[in-house]
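Beneath this line is the structure, given in structure tokens, with notes to follow.
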Amino acid sequence: MWPPIWIGTGLSGQVLQGERGRLEEVRRYPDKPALLFLAINYAGAQYTGCLLFDEPVYCERIAELLRSCYGMAVKEIGDIDIRLPVDLLRAYRKASGTQTWHCCGNCSHWPQDDYIEEMMLPAVVSLCNECKSLQAERNCQ
């Protein structure tokens, strides 16, 4: 998905391809949690590109990384070796016959036996309140 196709924001709407320009802005919108919009400057013109993610959590993590890259050349950003943090590789579990999913192995309700496990949280689910609290405290293991 890198680099995105860059569309000029001026009247011409010129298309720019490749790793050109410098990153100026990273935007996310609440109603589009899996889309990341990037703004660059190339040769004095403004361009916008979009990255689409399968999961909003990946989108947020990459947005955090890219916000630390303001002013960098798009080529330099593309050369960054991104390793997914361990918490993005976390499994989600729910006990068989229940509707509540868990994501923290240190949750007191983490299923040990007779469970269903997924590597990505299904789209419409109920996530355990204890897991939510552990995530908010950055104590989810």
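Chain lettering (A, B, ...) mirrors the order of the structure tokens, residue numbering begins at 1 for each chain separately, and ligand numbering begins at 1 in order of display.
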
Legend entry - Residue contacts of A:Thr100 (7 Å, only C-alpha atoms) excluding same-chain residues fewer than 6 positions away, as a list in words: Lys94, Ser126, Leu127 and Cys128 of chain A

Legend entry - Residue neighbourhood A:Thr98, 12 Å, only C-alpha atoms, exclusion window fewer than 5 positions, as a VMD selection string: chain A and resid 93 109 111 114 to 116 125 to 128

Based on the selection just made, write N, CA and C atoms of those residues as a PDB file, in the first residue's frame.
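Final output, saved to selection12.pdb:
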```
ATOM      1  N   ARG A  93      -9.560 -14.100  22.251  1.00  0.00           N
ATOM      2  CA  ARG A  93     -10.221 -15.348  22.623  1.00  0.00           C
ATOM      3  C   ARG A  93     -11.580 -15.083  23.235  1.00  0.00           C
ATOM      4  N   HIS A 109     -10.484 -13.246  33.330  1.00  0.00           N
ATOM      5  CA  HIS A 109     -11.459 -14.059  32.596  1.00  0.00           C
ATOM      6  C   HIS A 109     -10.883 -14.644  31.300  1.00  0.00           C
ATOM      7  N   PRO A 111      -9.848 -16.930  28.649  1.00  0.00           N
ATOM      8  CA  PRO A 111     -10.196 -18.351  28.476  1.00  0.00           C
ATOM      9  C   PRO A 111      -8.947 -19.235  28.356  1.00  0.00           C
ATOM     10  N   ASP A 114     -11.420 -24.722  26.156  1.00  0.00           N
ATOM     11  CA  ASP A 114     -12.641 -24.675  25.353  1.00  0.00           C
ATOM     12  C   ASP A 114     -12.959 -23.249  24.880  1.00  0.00           C
ATOM     13  N   TYR A 115     -12.080 -22.718  24.029  1.00  0.00           N
ATOM     14  CA  TYR A 115     -12.238 -21.346  23.542  1.00  0.00           C
ATOM     15  C   TYR A 115     -12.075 -21.296  22.030  1.00  0.00           C
ATOM     16  N   ILE A 116     -12.491 -20.165  21.475  1.00  0.00           N
ATOM     17  CA  ILE A 116     -12.293 -19.841  20.062  1.00  0.00           C
ATOM     18  C   ILE A 116     -11.256 -18.729  20.033  1.00  0.00           C
ATOM     19  N   VAL A 125     -18.401  -7.107  17.959  1.00  0.00           N
ATOM     20  CA  VAL A 125     -18.189  -7.966  19.121  1.00  0.00           C
ATOM     21  C   VAL A 125     -18.368  -7.197  20.410  1.00  0.00           C
ATOM     22  N   SER A 126     -18.402  -7.969  21.480  1.00  0.00           N
ATOM     23  CA  SER A 126     -18.394  -7.404  22.816  1.00  0.00           C
ATOM     24  C   SER A 126     -17.028  -7.717  23.413  1.00  0.00           C
ATOM     25  N   LEU A 127     -16.256  -6.695  23.737  1.00  0.00           N
ATOM     26  CA  LEU A 127     -14.940  -6.875  24.323  1.00  0.00           C
ATOM     27  C   LEU A 127     -15.055  -6.743  25.839  1.00  0.00           C
ATOM     28  N   CYS A 128     -14.408  -7.628  26.544  1.00  0.00           N
ATOM     29  CA  CYS A 128     -14.417  -7.683  27.999  1.00  0.00           C
ATOM     30  C   CYS A 128     -14.054  -6.320  28.605  1.00  0.00           C
TER      31      CYS A 128
END
```

Inset, instruction - Go through chain A and collect every residue that DSSP, computed from the backbone, puts in strand (DSSP E); the answer should be as a PyMOL selection string. - result: chain A and resi 6-8+15-16+22-29+32-42+45-52+92-95+100-101+115-118+126-127

Same residues, C-alpha atoms, output as a compact mmCIF listing (two decimals), in the first residue's frame:
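Generated output (again01.txt):
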```
# COMPACT_ATOMS: atom_id res chain seq x y z
CA TRP A 6 -0.90 11.22 -4.62
CA ILE A 7 -3.65 13.50 -5.95
CA GLY A 8 -2.97 17.21 -6.32
CA VAL A 15 -1.69 12.55 -10.10
CA LEU A 16 1.78 11.93 -8.67
CA ARG A 22 7.90 15.56 2.03
CA LEU A 23 5.28 14.59 4.56
CA GLU A 24 3.37 17.56 5.96
CA GLU A 25 0.25 16.15 7.61
CA VAL A 26 -1.43 12.95 8.81
CA ARG A 27 -5.22 12.95 9.27
CA ARG A 28 -7.78 10.47 10.54
CA TYR A 29 -11.52 10.92 10.80
CA LYS A 32 -13.44 6.43 8.76
CA PRO A 33 -11.34 4.62 11.43
CA ALA A 34 -9.44 2.40 8.97
CA LEU A 35 -8.42 5.21 6.56
CA LEU A 36 -5.34 7.35 6.93
CA PHE A 37 -4.96 10.52 4.86
CA LEU A 38 -1.50 11.95 4.19
CA ALA A 39 -0.57 15.35 2.83
CA ILE A 40 2.77 16.00 1.13
CA ASN A 41 4.49 18.87 -0.61
CA TYR A 42 6.30 18.20 -3.86
CA ALA A 45 2.44 21.78 -4.82
CA GLN A 46 0.23 20.02 -2.28
CA TYR A 47 -0.85 16.38 -2.74
CA THR A 48 -3.03 14.04 -0.71
CA GLY A 49 -2.82 10.26 -0.49
CA CYS A 50 -4.82 7.65 1.37
CA LEU A 51 -3.89 4.38 3.08
CA LEU A 52 -6.56 1.76 3.79
CA TYR A 92 -8.35 -12.63 20.77
CA ARG A 93 -10.22 -15.35 22.62
CA LYS A 94 -13.73 -16.06 23.75
CA ALA A 95 -14.96 -19.04 25.69
CA THR A 100 -17.52 -11.72 25.14
CA TRP A 101 -14.05 -11.58 23.60
CA TYR A 115 -12.24 -21.35 23.54
CA ILE A 116 -12.29 -19.84 20.06
CA GLU A 117 -9.23 -17.83 19.06
CA GLU A 118 -8.80 -15.24 16.30
CA SER A 126 -18.39 -7.40 22.82
CA LEU A 127 -14.94 -6.88 24.32
```

Inset, instruction - Quote the spacing between atom CA of A:Asp31 and atom CA of A:Tyr58 in Å to one decimal place. - result: 15.9 Å

Inset, instruction - Have a look at atom CA of A:Cys104 and atom CA of A:Leu134 and let me know their distance in Å, one decimal. - result: 7.4 Å

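Of the residues under consideration (A:Met1, A:Leu65, A:Cys140, A:Met72), A:Cys140 shows the shortest atom-to-atom contact distance to A:Trp110 when counting only C-alpha atoms.
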
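For the pair atom CA of A:Trp2 and atom CA of A:Pro30, the interatomic distance is 22.6 Å.
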